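structure_22.tsv (TSV, C-alpha atoms) appears below.
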```
chain	number	residue	atom	x	y	z
A	7	MET	CA	0.00	0.00	0.00
A	8	ASP	CA	1.33	3.47	-0.92
A	9	HIS	CA	1.70	5.94	1.95
A	10	PRO	CA	-0.01	9.33	1.64
A	11	THR	CA	2.22	12.34	1.20
A	12	GLY	CA	3.83	13.29	4.50
A	13	SER	CA	3.27	9.91	6.14
A	14	ALA	CA	6.01	7.68	7.59
A	15	ALA	CA	8.27	5.81	5.22
A	16	ALA	CA	7.37	2.26	4.34
A	17	PRO	CA	8.70	-0.25	6.89
A	18	GLU	CA	11.96	-1.98	6.08
A	19	ARG	CA	11.55	-5.67	5.30
A	20	PHE	CA	13.66	-8.44	6.88
A	21	ALA	CA	13.74	-12.17	6.36
A	22	SER	CA	11.91	-14.18	8.97
A	23	GLY	CA	13.98	-14.22	12.18
A	24	GLY	CA	16.50	-11.79	10.72
A	25	TRP	CA	15.73	-8.69	12.77
A	26	SER	CA	17.33	-7.63	16.04
A	27	SER	CA	15.22	-7.52	19.19
A	28	PRO	CA	15.64	-5.46	22.35
A	29	LEU	CA	14.60	-8.60	24.28
A	30	SER	CA	17.28	-11.24	24.74
A	31	ALA	CA	16.69	-14.86	25.66
A	32	LYS	CA	18.46	-14.18	28.96
A	33	MET	CA	16.05	-11.34	29.79
A	34	ILE	CA	13.09	-13.64	29.21
A	35	ALA	CA	14.59	-16.49	31.24
A	36	ASP	CA	15.61	-14.21	34.11
A	37	GLY	CA	11.99	-13.13	34.46
A	38	ALA	CA	10.66	-16.68	34.56
A	39	ALA	CA	11.28	-17.65	38.20
A	40	GLN	CA	8.74	-20.17	39.47
A	41	LEU	CA	7.48	-21.31	42.86
A	42	LEU	CA	6.92	-25.05	43.30
A	43	GLU	CA	5.96	-27.77	45.78
A	44	LEU	CA	4.37	-25.92	48.70
A	45	ARG	CA	4.57	-27.95	51.92
A	46	ALA	CA	3.97	-27.46	55.65
A	47	GLU	CA	5.41	-28.98	58.79
A	48	GLY	CA	3.85	-27.78	62.03
A	49	THR	CA	3.53	-24.01	61.68
A	50	THR	CA	6.29	-23.59	59.08
A	51	LEU	CA	5.66	-23.28	55.34
A	52	TYR	CA	8.17	-24.46	52.74
A	53	TRP	CA	8.41	-24.10	48.97
A	54	LEU	CA	10.88	-24.32	46.10
A	55	GLU	CA	11.94	-21.41	43.91
A	56	THR	CA	13.70	-21.67	40.57
A	57	LEU	CA	16.57	-19.21	40.07
A	58	PRO	CA	17.13	-18.50	36.36
A	59	ALA	CA	19.97	-16.09	37.14
A	60	GLU	CA	21.83	-18.98	38.82
A	61	GLY	CA	21.62	-21.33	35.88
A	62	GLY	CA	18.20	-22.69	36.82
A	63	ARG	CA	19.21	-23.80	40.32
A	64	VAL	CA	16.25	-24.67	42.55
A	65	THR	CA	16.40	-23.58	46.17
A	66	LEU	CA	14.32	-24.43	49.22
A	67	ARG	CA	12.74	-21.54	51.13
A	68	CYS	CA	10.67	-21.35	54.30
A	69	SER	CA	8.71	-18.93	56.46
A	70	SER	CA	7.30	-19.31	59.95
A	71	PRO	CA	5.12	-17.50	62.50
A	72	ALA	CA	8.28	-16.59	64.42
A	73	SER	CA	8.38	-13.57	62.08
A	74	ASN	CA	4.60	-13.57	61.51
A	75	TYR	CA	5.49	-15.10	58.12
A	76	ALA	CA	7.15	-11.80	57.19
A	77	THR	CA	10.65	-13.25	56.72
A	78	VAL	CA	11.62	-15.80	54.07
A	79	SER	CA	14.74	-17.90	54.63
A	80	GLU	CA	16.82	-19.96	52.20
A	81	LEU	CA	17.73	-23.44	53.44
A	82	THR	CA	19.83	-24.65	50.50
A	83	PRO	CA	22.44	-22.14	49.34
A	84	ALA	CA	24.46	-22.72	46.18
A	85	PRO	CA	25.54	-25.06	44.77
A	86	SER	CA	22.68	-27.23	46.09
A	87	SER	CA	19.71	-27.60	43.74
A	88	VAL	CA	16.56	-29.27	45.04
A	89	ARG	CA	14.97	-31.24	42.21
A	90	THR	CA	14.38	-34.80	41.06
A	91	ARG	CA	14.66	-36.58	37.72
A	92	VAL	CA	12.62	-39.72	38.43
A	93	HIS	CA	10.30	-40.49	35.49
A	94	GLU	CA	12.29	-37.65	33.84
A	95	TYR	CA	9.54	-35.16	34.76
A	96	GLY	CA	10.62	-35.15	38.41
A	97	GLY	CA	8.61	-33.68	41.29
A	98	GLY	CA	8.41	-34.70	44.93
A	99	ALA	CA	11.85	-33.23	45.62
A	100	TYR	CA	11.66	-32.73	49.38
A	101	LEU	CA	9.79	-33.58	52.58
A	102	PRO	CA	9.70	-31.41	55.72
A	103	THR	CA	9.50	-33.33	59.01
A	104	ALA	CA	10.17	-32.76	62.71
A	105	GLU	CA	13.58	-34.37	62.05
A	106	GLY	CA	14.47	-31.75	59.45
A	107	VAL	CA	13.86	-31.45	55.71
A	108	PHE	CA	14.72	-34.49	53.59
A	109	LEU	CA	15.57	-33.39	50.05
A	110	ILE	CA	17.04	-34.59	46.79
A	111	ASP	CA	20.08	-32.49	45.90
A	112	ASP	CA	20.45	-32.64	42.14
A	113	ALA	CA	23.90	-31.05	42.35
A	114	ILE	CA	25.29	-34.30	43.80
A	115	GLY	CA	22.49	-36.76	42.97
A	116	GLU	CA	21.85	-37.74	46.59
A	117	ILE	CA	19.26	-37.51	49.35
A	118	ARG	CA	20.27	-35.03	52.05
A	119	LEU	CA	18.83	-33.85	55.35
A	120	ALA	CA	18.64	-30.12	56.05
A	121	GLN	CA	19.03	-30.22	59.82
A	122	PRO	CA	17.66	-27.66	62.30
A	123	ASP	CA	21.19	-26.32	62.90
A	124	GLY	CA	21.42	-25.34	59.22
A	125	THR	CA	23.79	-28.09	58.10
A	126	LEU	CA	23.15	-30.40	55.16
A	127	ARG	CA	23.83	-34.07	55.92
A	128	THR	CA	24.18	-36.51	53.00
A	129	LEU	CA	22.19	-39.73	53.59
A	130	THR	CA	22.89	-41.75	50.43
A	131	ALA	CA	25.87	-42.73	48.30
A	132	CYS	CA	23.88	-43.76	45.22
A	133	ALA	CA	24.72	-41.18	42.54
A	134	GLY	CA	24.49	-42.86	39.14
A	135	ALA	CA	23.11	-46.08	40.65
A	136	ALA	CA	19.70	-44.84	41.85
A	137	ARG	CA	17.48	-41.78	41.65
A	138	PHE	CA	14.88	-40.85	44.26
A	139	ALA	CA	11.66	-38.86	44.63
A	140	ASP	CA	8.38	-38.64	46.57
A	141	LEU	CA	9.66	-39.28	50.09
A	142	ALA	CA	7.89	-40.50	53.25
A	143	TRP	CA	9.41	-40.50	56.74
A	144	ASP	CA	8.79	-43.30	59.23
A	145	SER	CA	9.82	-41.61	62.47
A	146	MET	CA	8.97	-44.68	64.57
A	147	ARG	CA	11.40	-46.96	62.72
A	148	ARG	CA	13.65	-44.07	61.64
A	149	ARG	CA	13.54	-45.19	58.03
A	150	LEU	CA	13.07	-43.05	54.94
A	151	ILE	CA	10.76	-44.35	52.19
A	152	ALA	CA	11.15	-43.24	48.57
A	153	VAL	CA	10.20	-43.91	44.99
A	154	CYS	CA	13.43	-45.23	43.48
A	155	GLU	CA	14.51	-45.49	39.85
A	156	ARG	CA	17.45	-47.75	39.03
A	157	PRO	CA	19.14	-48.04	35.63
A	158	GLY	CA	18.54	-51.35	33.87
A	159	SER	CA	19.61	-53.13	30.71
A	160	GLY	CA	16.61	-51.59	28.95
A	161	GLU	CA	14.43	-49.00	30.60
A	162	PRO	CA	14.94	-48.01	34.26
A	163	GLU	CA	13.43	-50.14	37.02
A	164	ASN	CA	10.95	-48.45	39.39
A	165	LEU	CA	10.56	-49.50	43.01
A	166	ILE	CA	9.53	-48.34	46.44
A	167	VAL	CA	12.48	-48.61	48.81
A	168	ASP	CA	13.41	-47.64	52.33
A	169	PHE	CA	16.59	-47.35	54.36
A	170	PRO	CA	17.65	-46.43	57.90
A	171	ILE	CA	18.99	-43.01	58.77
A	172	ASP	CA	22.49	-43.93	59.93
A	173	GLU	CA	25.71	-42.01	60.29
A	174	THR	CA	27.12	-43.64	57.15
A	175	PRO	CA	25.47	-42.81	53.79
A	176	VAL	CA	23.55	-45.76	52.33
A	177	ARG	CA	24.79	-47.39	49.12
A	178	ALA	CA	22.42	-48.51	46.35
A	179	ASP	CA	22.94	-52.19	47.20
A	180	GLU	CA	21.88	-51.49	50.80
A	181	LEU	CA	18.43	-50.15	49.92
A	182	ARG	CA	15.57	-52.41	51.02
A	183	VAL	CA	12.91	-53.01	48.35
A	184	LEU	CA	9.42	-52.61	49.81
A	185	HIS	CA	7.51	-53.09	46.57
A	186	ALA	CA	8.45	-54.01	42.99
A	187	GLY	CA	6.81	-55.45	39.90
A	188	HIS	CA	5.10	-52.40	38.40
A	189	ASP	CA	6.53	-50.13	35.75
A	190	PHE	CA	5.91	-46.95	37.74
A	191	TYR	CA	5.29	-45.90	41.35
A	192	ALA	CA	4.16	-42.66	42.96
A	193	ALA	CA	3.03	-41.11	46.22
A	194	PRO	CA	4.03	-43.49	49.03
A	195	ARG	CA	2.13	-42.13	52.03
A	196	LEU	CA	2.15	-43.38	55.63
A	197	ASN	CA	-0.83	-43.18	57.95
A	198	ALA	CA	-0.46	-41.54	61.36
A	199	ASP	CA	0.91	-44.56	63.23
A	200	ALA	CA	2.96	-45.81	60.26
A	201	SER	CA	1.06	-49.12	60.26
A	202	ARG	CA	-0.12	-48.75	56.65
A	203	LEU	CA	1.37	-47.42	53.44
A	204	ALA	CA	-0.68	-46.12	50.51
A	205	PHE	CA	0.88	-45.75	47.05
A	206	VAL	CA	-0.04	-45.47	43.36
A	207	VAL	CA	1.13	-47.80	40.58
A	208	TRP	CA	0.68	-48.03	36.81
A	209	ASP	CA	2.13	-50.01	33.93
A	210	HIS	CA	2.92	-49.69	30.24
A	211	PRO	CA	1.35	-48.73	27.90
A	212	LEU	CA	-0.81	-46.60	30.21
A	213	MET	CA	-0.01	-43.07	31.27
A	214	PRO	CA	-0.83	-42.22	34.91
A	215	TRP	CA	-3.94	-40.30	33.85
A	216	ASP	CA	-5.17	-43.22	31.69
A	217	GLY	CA	-5.18	-45.99	34.26
A	218	SER	CA	-3.50	-46.45	37.63
A	219	SER	CA	-4.24	-48.19	40.94
A	220	LEU	CA	-4.22	-47.07	44.56
A	221	ILE	CA	-2.82	-49.76	46.85
A	222	VAL	CA	-2.85	-49.86	50.66
A	223	ALA	CA	-0.53	-52.33	52.38
A	224	GLU	CA	-0.11	-53.20	56.03
A	225	ARG	CA	3.34	-52.98	57.58
A	226	ALA	CA	5.13	-55.51	59.73
A	227	ALA	CA	7.12	-54.59	62.82
A	228	ASP	CA	10.24	-54.06	60.69
A	229	GLY	CA	8.32	-51.96	58.13
A	230	ALA	CA	8.02	-54.64	55.43
A	231	LEU	CA	4.74	-54.63	53.47
A	232	HIS	CA	2.08	-57.35	53.49
A	233	ASN	CA	-1.69	-57.83	53.01
A	234	GLU	CA	-1.90	-55.29	50.20
A	235	LEU	CA	-5.31	-54.26	48.87
A	236	VAL	CA	-6.23	-52.35	45.71
A	237	ILE	CA	-8.54	-49.57	46.91
A	238	ALA	CA	-9.40	-47.87	43.61
A	239	GLY	CA	-8.37	-47.48	40.00
A	240	GLY	CA	-7.56	-49.92	37.22
A	241	ILE	CA	-6.85	-49.94	33.50
A	242	ASP	CA	-9.79	-47.62	32.74
A	243	GLU	CA	-9.64	-45.40	35.83
A	244	ALA	CA	-6.84	-43.25	37.20
A	245	VAL	CA	-6.05	-42.20	40.75
A	246	GLN	CA	-3.58	-39.83	42.37
A	247	GLN	CA	-2.51	-38.04	45.57
A	248	PRO	CA	-3.52	-40.30	48.48
A	249	LEU	CA	-3.81	-38.32	51.71
A	250	TRP	CA	-4.38	-39.84	55.14
A	251	CYS	CA	-6.79	-38.14	57.55
A	252	SER	CA	-6.36	-37.93	61.31
A	253	ASP	CA	-9.36	-40.26	61.73
A	254	GLY	CA	-7.68	-43.00	59.67
A	255	ALA	CA	-9.63	-42.42	56.46
A	256	LEU	CA	-7.79	-42.10	53.14
A	257	MET	CA	-8.64	-39.27	50.76
A	258	PHE	CA	-7.58	-39.38	47.12
A	259	LEU	CA	-8.42	-38.07	43.66
A	260	ALA	CA	-9.90	-40.32	40.97
A	261	ASP	CA	-11.46	-39.82	37.55
A	262	ALA	CA	-14.12	-42.56	37.73
A	263	THR	CA	-16.84	-39.91	37.22
A	264	GLY	CA	-15.11	-38.53	34.12
A	265	PHE	CA	-13.60	-35.71	36.19
A	266	TRP	CA	-10.85	-35.62	38.80
A	267	ASN	CA	-13.14	-35.69	41.86
A	268	VAL	CA	-12.41	-36.16	45.57
A	269	TRP	CA	-12.89	-39.69	46.95
A	270	ARG	CA	-12.63	-41.25	50.42
A	271	HIS	CA	-11.84	-44.73	51.72
A	272	ASP	CA	-12.82	-45.60	55.29
A	273	ALA	CA	-14.38	-48.46	57.26
A	274	SER	CA	-17.63	-48.11	55.30
A	275	GLY	CA	-15.92	-48.53	51.92
A	276	VAL	CA	-14.98	-46.27	49.02
A	277	ARG	CA	-17.16	-43.36	47.90
A	278	CYS	CA	-17.02	-40.13	45.93
A	279	VAL	CA	-17.18	-37.29	48.46
A	280	LEU	CA	-18.57	-34.76	45.99
A	281	GLU	CA	-19.50	-35.71	42.43
A	282	ASP	CA	-18.84	-32.59	40.40
A	283	GLY	CA	-18.49	-31.76	36.71
A	284	ALA	CA	-15.17	-30.04	37.41
A	285	ASP	CA	-11.62	-31.24	37.92
A	286	TYR	CA	-9.94	-31.06	41.32
A	287	ALA	CA	-6.50	-31.90	39.96
A	288	GLU	CA	-4.37	-31.72	36.86
A	289	ALA	CA	-2.99	-34.67	34.93
A	290	PRO	CA	-0.16	-36.09	37.10
A	291	TRP	CA	2.82	-35.37	34.86
A	292	VAL	CA	5.06	-34.89	37.89
A	293	LEU	CA	5.33	-36.48	41.31
A	294	GLY	CA	4.47	-34.76	44.57
A	295	GLY	CA	1.15	-33.13	43.63
A	296	ALA	CA	-0.68	-31.45	46.51
A	297	HIS	CA	-4.17	-30.44	45.41
A	298	LEU	CA	-5.80	-31.66	48.64
A	299	ALA	CA	-5.17	-30.69	52.28
A	300	MET	CA	-6.98	-31.47	55.52
A	301	PRO	CA	-7.58	-28.53	57.91
A	302	SER	CA	-9.50	-31.04	60.06
A	303	ALA	CA	-10.85	-34.59	59.84
A	304	ASP	CA	-14.22	-33.17	58.69
A	305	TRP	CA	-13.10	-30.67	56.06
A	306	CYS	CA	-10.96	-31.06	52.96
A	307	ALA	CA	-9.38	-28.09	51.21
A	308	ALA	CA	-9.33	-28.63	47.46
A	309	LEU	CA	-8.71	-26.83	44.17
A	310	ARG	CA	-11.72	-26.74	41.84
A	311	ARG	CA	-10.90	-26.14	38.17
A	312	SER	CA	-13.63	-24.97	35.79
A	313	ASP	CA	-13.95	-22.52	32.87
A	314	GLY	CA	-10.28	-21.60	32.92
A	315	GLN	CA	-10.23	-20.63	36.60
A	316	THR	CA	-9.11	-22.40	39.76
A	317	GLU	CA	-10.77	-21.67	43.08
A	318	LEU	CA	-10.03	-22.80	46.61
A	319	VAL	CA	-12.96	-24.64	48.21
A	320	LEU	CA	-13.62	-26.38	51.52
A	321	ILE	CA	-15.47	-29.69	51.19
A	322	ASP	CA	-17.48	-31.26	54.01
A	323	VAL	CA	-16.26	-34.85	53.70
A	324	HIS	CA	-19.36	-36.28	55.41
A	325	ARG	CA	-22.17	-34.28	53.82
A	326	GLY	CA	-20.51	-33.70	50.46
A	327	PHE	CA	-20.89	-29.99	49.77
A	328	ALA	CA	-18.27	-27.39	48.89
A	329	THR	CA	-17.86	-23.88	50.28
A	330	PRO	CA	-15.89	-21.50	48.03
A	331	MET	CA	-13.08	-19.52	49.64
A	332	PRO	CA	-12.18	-15.99	48.45
A	333	ILE	CA	-9.19	-17.18	46.40
A	334	SER	CA	-9.57	-17.64	42.67
A	335	CYS	CA	-6.89	-17.55	39.99
A	336	ALA	CA	-6.17	-18.90	36.53
A	337	GLU	CA	-3.77	-21.35	38.17
A	338	ILE	CA	-3.40	-22.52	41.76
A	339	ASP	CA	-0.75	-25.20	41.98
A	340	ALA	CA	-0.58	-26.53	45.52
A	341	LEU	CA	-2.11	-26.42	49.00
A	342	ALA	CA	-0.70	-26.74	52.50
A	343	VAL	CA	-2.27	-26.35	55.94
A	344	VAL	CA	-0.87	-24.65	59.04
A	345	PRO	CA	-2.93	-24.14	62.21
A	346	GLY	CA	-5.87	-21.87	61.42
A	347	ALA	CA	-4.87	-21.16	57.83
A	348	ILE	CA	-4.51	-22.57	54.33
A	349	ALA	CA	-1.58	-21.65	52.09
A	350	CYS	CA	-1.54	-21.97	48.31
A	351	LEU	CA	0.73	-21.32	45.33
A	352	THR	CA	-0.92	-19.11	42.72
A	353	ARG	CA	0.05	-18.04	39.21
A	354	PRO	CA	-1.82	-14.82	38.40
A	355	ALA	CA	-2.03	-13.77	34.76
A	356	ASP	CA	-0.72	-10.28	35.58
A	357	ALA	CA	1.79	-10.89	38.39
A	358	PRO	CA	4.63	-13.23	39.36
A	359	PRO	CA	3.82	-16.56	41.05
A	360	ARG	CA	3.19	-16.10	44.76
A	361	VAL	CA	2.50	-17.81	48.06
A	362	LEU	CA	-0.81	-16.80	49.66
A	363	LEU	CA	-1.94	-17.47	53.22
A	364	HIS	CA	-5.69	-17.48	53.93
A	365	HIS	CA	-6.78	-17.28	57.58
A	366	LEU	CA	-9.92	-19.33	58.14
A	367	SER	CA	-11.29	-17.42	61.14
A	368	SER	CA	-10.84	-13.86	59.87
A	369	GLY	CA	-11.09	-14.55	56.15
A	370	ASP	CA	-8.00	-12.41	55.56
A	371	THR	CA	-5.60	-13.36	52.76
A	372	ARG	CA	-2.04	-12.09	52.50
A	373	VAL	CA	0.89	-12.51	50.13
A	374	LEU	CA	3.85	-14.19	51.83
A	375	ALA	CA	6.28	-14.35	48.92
A	376	CYS	CA	6.61	-13.63	45.19
A	377	ALA	CA	8.87	-15.39	42.71
A	378	GLY	CA	11.96	-13.37	41.92
A	379	ALA	CA	11.43	-10.92	44.77
```
Output the structure of this file as structure tokens.
Amino acid sequence: MDHPTGSAAAPERFASGGWSSPLSAKMIADGAAQLLELRAEGTTLYWLETLPAEGGRVTLRCSSPASNYATVSELTPAPSSVRTRVHEYGGGAYLPTAEGVFLIDDAIGEIRLAQPDGTLRTLTACAGAARFADLAWDSMRRRLIAVCERPGSGEPENLIVDFPIDETPVRADELRVLHAGHDFYAAPRLNADASRLAFVVWDHPLMPWDGSSLIVAERAADGALHNELVIAGGIDEAVQQPLWCSDGALMFLADATGFWNVWRHDASGVRCVLEDGADYAEAPWVLGGAHLAMPSADWCAALRRSDGQTELVLIDVHRGFATPMPISCAEIDALAVVPGAIACLTRPADAPPRVLLHHLSSGDTRVLACAGA
């Protein structure tokens, strides 16, 4: 099109991809810090933050009521990087406990314990021989449980293993196999008295959102598994994120209704807590998902996804109705509970990812941390 007299000159033409840009790849990457894997232990909240300016290192942060959640501390300074590579997609990279924070340090390929005195103690000597994720701590037997991936002649072998927390790091040949025989494992979760272990399994050619099974096994005095029972799932139904309640019931997410809905297993059997035409989880690409949390034995905090939005809801697990909370966002990634409050990771469309804390009694919501801040 010709330009009228006095108008700007015609734009200069370049081949596709041949022009210079004021935005570099580094500028884009440096602005892409993420917050991941929100967890709670007692009154302290923990999460991971990716650090693009440090080569993509992932660090563990925490905040507690000692500072009224106003101060954020880093528990894993460089060169430590808290991430997993199990199933290649990773996830489930750490577990806070009263003992300290168990974590997978990708910088050395080992499980470590971030102790209350600030030191990092290495617990395994398995780099190259085993990879770990999705941890569970048996404080009574002082054994750490993990999803383990070992290299094989063909594809890697997946297992659930455990090992004692001793002074000497554990070698790969010293790991005890608790369960084997399935192609993939996820989410080993102990009940309150460590007498039962719940976990998820699936096999080729299924993906974990196509068909998977939730198994509960009893534990012997030494922690070995026996009397296992398939609670839910199968080749045409998928399950994820088992979560034990204080009353001994087991909550989980399943897609038997055609949507990822909240289910419960207790002495009366297995039932859908709230049948809803909305999803309460995402497809489980990674380990360590946390879309459910239990503020009490009677109420379940959950993330309801519908029409491109995610909202925080409280579900009465006995009467099966949901109460919306005043937190809604395009993406909410994880939940954690501290006394009197629910924390969540949000990804607003117009702001960096952040940690929010919602107080149940007052209804107040505050921002605890922002990615890159």
For Gly158 of chain A, which residue out of A:Ala178, A:Val343, A:Leu212, A:Ala135 is the nearest one, using all atoms listed in the file?
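So, comparing all the options, the nearest one is A:Ala135.
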What does the distance from atom CA of Tyr95 of chain A to atom CA of Ala340 of chain A come to in Å, to one decimal?
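Going from atom CA of Tyr95 of chain A over to atom CA of Ala340 of chain A covers 17.1 Å.
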Enumerate, in order of chain and increasing residue number, the residues of segment 170-279 of chain A with an atom no farther than 12 Å from segment 314-322 of chain A, each with its shortest atom pair and distance in Å to one decimal, counting all atoms listed in the file, as a tab-separated table.
```
residue	atom	partner	partner_atom	distance
A:Met257	CA	A:Ile321	CA	11.8
A:Asn267	CA	A:Ile321	CA	11.3
A:Val268	CA	A:Ile321	CA	9.1
A:Trp269	CA	A:Ile321	CA	11.2
A:Arg270	CA	A:Asp322	CA	11.7
A:Cys278	CA	A:Ile321	CA	11.8
A:Val279	CA	A:Asp322	CA	8.2
```
So, with all atoms listed in the file as the atoms that count, which of A:Ser302, A:Thr49, A:Thr77, A:Thr65 lies closest to Ala375 of chain A?
A:Thr77
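Compared by their closest atoms to Ile221 of chain A, and using only C-alpha atoms, the residues A:Arg353, A:Arg182, A:Arg91, A:His271 rank with A:His271 nearest.
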